[in-house]
Amino acid sequence: MASPGIDSLRGDLTVAEIRQIILRPYAGSLDNLRQVYIFGAKILGQKICGYCRAAGIEVLGFLDNDEKREGRLCAGKKIFSPARFTGKKSTAVIVASTTYQYQISQQLKAKGFSSVITVPVLSLFDKQR
């Protein structure tokens with residue numbers, strides 16, 4: 001038996017409507033994104049850093065659970081441990097992980113970070129709407 005296609009799963013909603021539903025909780029964070037931290041000081045984090053810079057978004061630094069990385073630089077920005085982070089927790093954090101994005105998001109929220117954005121959500125956002 002063939003699996004149902006996306007059209008049958010979404011009912012009467014258009015792709016654009018589904019996109020808007022997914023983005024709705026992030027609207028304020030994404031529309032006013034000027035400064036960010038990036039969680040994940042590896043290849044994906046470096047790529048996201050480049051995208052942010054190209055979009056005029058200032059990357060303030062990186063967060064990473066690997067304590068060996070703490071204090072080092074990634075893409076020219078300092079790496080912080082989330083456990084000992086003393087910066088503004090109201091600044092948005094982009095989670096540069098596809099494998100552990102849910103766990104990292106929960107960790108950051110538990111540490112008091114108020115705006116956590118995952119890569120799939122970021123990829124749906126288009127400032128040219």
# chains A, B, ... in the order shown; residues from 1 in each chain; ligands from 1
>>> select_by_dssp(residues="range 12-111 of chain A", states="strand (DSSP E or B)", output="JSON, numbers by chain")
{"A": [35, 36, 37, 38, 39, 58, 59, 60, 61, 62, 63, 73, 74, 77, 78, 79, 80, 92, 93, 94, 95]}
>>> residues_around(residues="range 75-92 of chain A", least_positions_apart="2", cutoff="7 Å", atoms="only C-alpha atoms", output="JSON, numbers by chain")
{"A": [35, 36, 37, 46, 60, 61, 62, 63, 64, 65, 67, 69, 70, 71, 72, 73, 94, 112, 113, 114, 115, 116]}
>>> write_last_selection(atoms="C-alpha atoms", output="PDB file, in the first residue's frame")
ATOM      1  CA  GLN A  35      21.808  39.623  16.597  1.00  0.00           C
ATOM      2  CA  VAL A  36      22.106  35.906  17.309  1.00  0.00           C
ATOM      3  CA  TYR A  37      24.138  33.254  19.021  1.00  0.00           C
ATOM      4  CA  GLN A  46      29.944  27.918  10.538  1.00  0.00           C
ATOM      5  CA  LEU A  60      27.652  37.449  18.823  1.00  0.00           C
ATOM      6  CA  GLY A  61      29.216  34.048  19.441  1.00  0.00           C
ATOM      7  CA  PHE A  62      28.693  30.314  19.550  1.00  0.00           C
ATOM      8  CA  LEU A  63      27.329  28.017  22.252  1.00  0.00           C
ATOM      9  CA  ASP A  64      28.473  24.416  22.475  1.00  0.00           C
ATOM     10  CA  ASN A  65      28.185  21.623  25.045  1.00  0.00           C
ATOM     11  CA  GLU A  67      33.688  21.913  27.129  1.00  0.00           C
ATOM     12  CA  ARG A  69      35.659  24.146  22.720  1.00  0.00           C
ATOM     13  CA  GLU A  70      34.814  26.723  25.397  1.00  0.00           C
ATOM     14  CA  GLY A  71      36.869  29.908  25.035  1.00  0.00           C
ATOM     15  CA  ARG A  72      38.105  29.012  21.560  1.00  0.00           C
ATOM     16  CA  LEU A  73      37.038  30.722  18.363  1.00  0.00           C
ATOM     17  CA  ILE A  94      19.917  29.401  16.200  1.00  0.00           C
ATOM     18  CA  GLY A 112      16.418  30.663  30.310  1.00  0.00           C
ATOM     19  CA  PHE A 113      16.999  31.399  26.624  1.00  0.00           C
ATOM     20  CA  SER A 114      13.753  32.914  25.385  1.00  0.00           C
ATOM     21  CA  SER A 115      14.171  32.701  21.603  1.00  0.00           C
ATOM     22  CA  VAL A 116      15.394  29.390  20.195  1.00  0.00           C
TER      23      VAL A 116
END
>>> residues_around(residues="Lys42 in chain A", least_positions_apart="4", cutoff="9 Å", atoms="only C-alpha atoms", output="PDB file with C-alpha atoms, in the first residue's frame")
ATOM      1  CA  GLN A  46      29.944  27.918  10.538  1.00  0.00           C
ATOM      2  CA  LYS A  47      27.685  27.815   7.461  1.00  0.00           C
ATOM      3  CA  CYS A  74      34.754  29.486  15.613  1.00  0.00           C
ATOM      4  CA  ALA A  96      22.869  24.392  14.231  1.00  0.00           C
TER       5      ALA A  96
END
>>> closest_residue(among="A:Asp12, A:Ile38, A:Leu33, A:Cys52", to="Ile104 in chain A", atoms="only C-alpha atoms")
A:Ile38
>>> atom_distance(atom1="CA of Gln101 in chain A", atom2="CA of Ile117 in chain A")
9.3 Å
>>> residues_around(residues="Tyr51 in chain A", least_positions_apart="2", cutoff="12 Å", atoms="only C-alpha atoms", output="list of chain:residue names")
A:Val36, A:Ile38, A:Leu44, A:Gly45, A:Gln46, A:Lys47, A:Ile48, A:Cys49, A:Arg53, A:Ala54, A:Ala55, A:Gly56, A:Ile57, A:Glu58, A:Val59, A:Ala75, A:Ile94, A:Val119, A:Leu122, A:Ser123
>>> write_last_selection(atoms="C-alpha atoms", output="PDB file, in the first residue's frame")
ATOM      1  CA  VAL A  36      22.106  35.906  17.309  1.00  0.00           C
ATOM      2  CA  ILE A  38      24.597  29.965  17.211  1.00  0.00           C
ATOM      3  CA  LEU A  44      26.702  23.615  10.089  1.00  0.00           C
ATOM      4  CA  GLY A  45      27.217  26.358  12.666  1.00  0.00           C
ATOM      5  CA  GLN A  46      29.944  27.918  10.538  1.00  0.00           C
ATOM      6  CA  LYS A  47      27.685  27.815   7.461  1.00  0.00           C
ATOM      7  CA  ILE A  48      24.822  29.442   9.370  1.00  0.00           C
ATOM      8  CA  CYS A  49      27.270  32.078  10.614  1.00  0.00           C
ATOM      9  CA  ARG A  53      26.624  37.696   8.093  1.00  0.00           C
ATOM     10  CA  ALA A  54      25.477  37.827   4.453  1.00  0.00           C
ATOM     11  CA  ALA A  55      21.975  38.758   5.672  1.00  0.00           C
ATOM     12  CA  GLY A  56      23.326  41.527   7.923  1.00  0.00           C
ATOM     13  CA  ILE A  57      22.648  39.611  11.140  1.00  0.00           C
ATOM     14  CA  GLU A  58      25.387  40.009  13.743  1.00  0.00           C
ATOM     15  CA  VAL A  59      26.652  36.740  15.225  1.00  0.00           C
ATOM     16  CA  ALA A  75      34.419  31.622  12.492  1.00  0.00           C
ATOM     17  CA  ILE A  94      19.917  29.401  16.200  1.00  0.00           C
ATOM     18  CA  VAL A 119      17.399  25.126  11.264  1.00  0.00           C
ATOM     19  CA  LEU A 122      14.973  29.139   9.768  1.00  0.00           C
ATOM     20  CA  SER A 123      14.939  27.543   6.334  1.00  0.00           C
TER      21      SER A 123
END
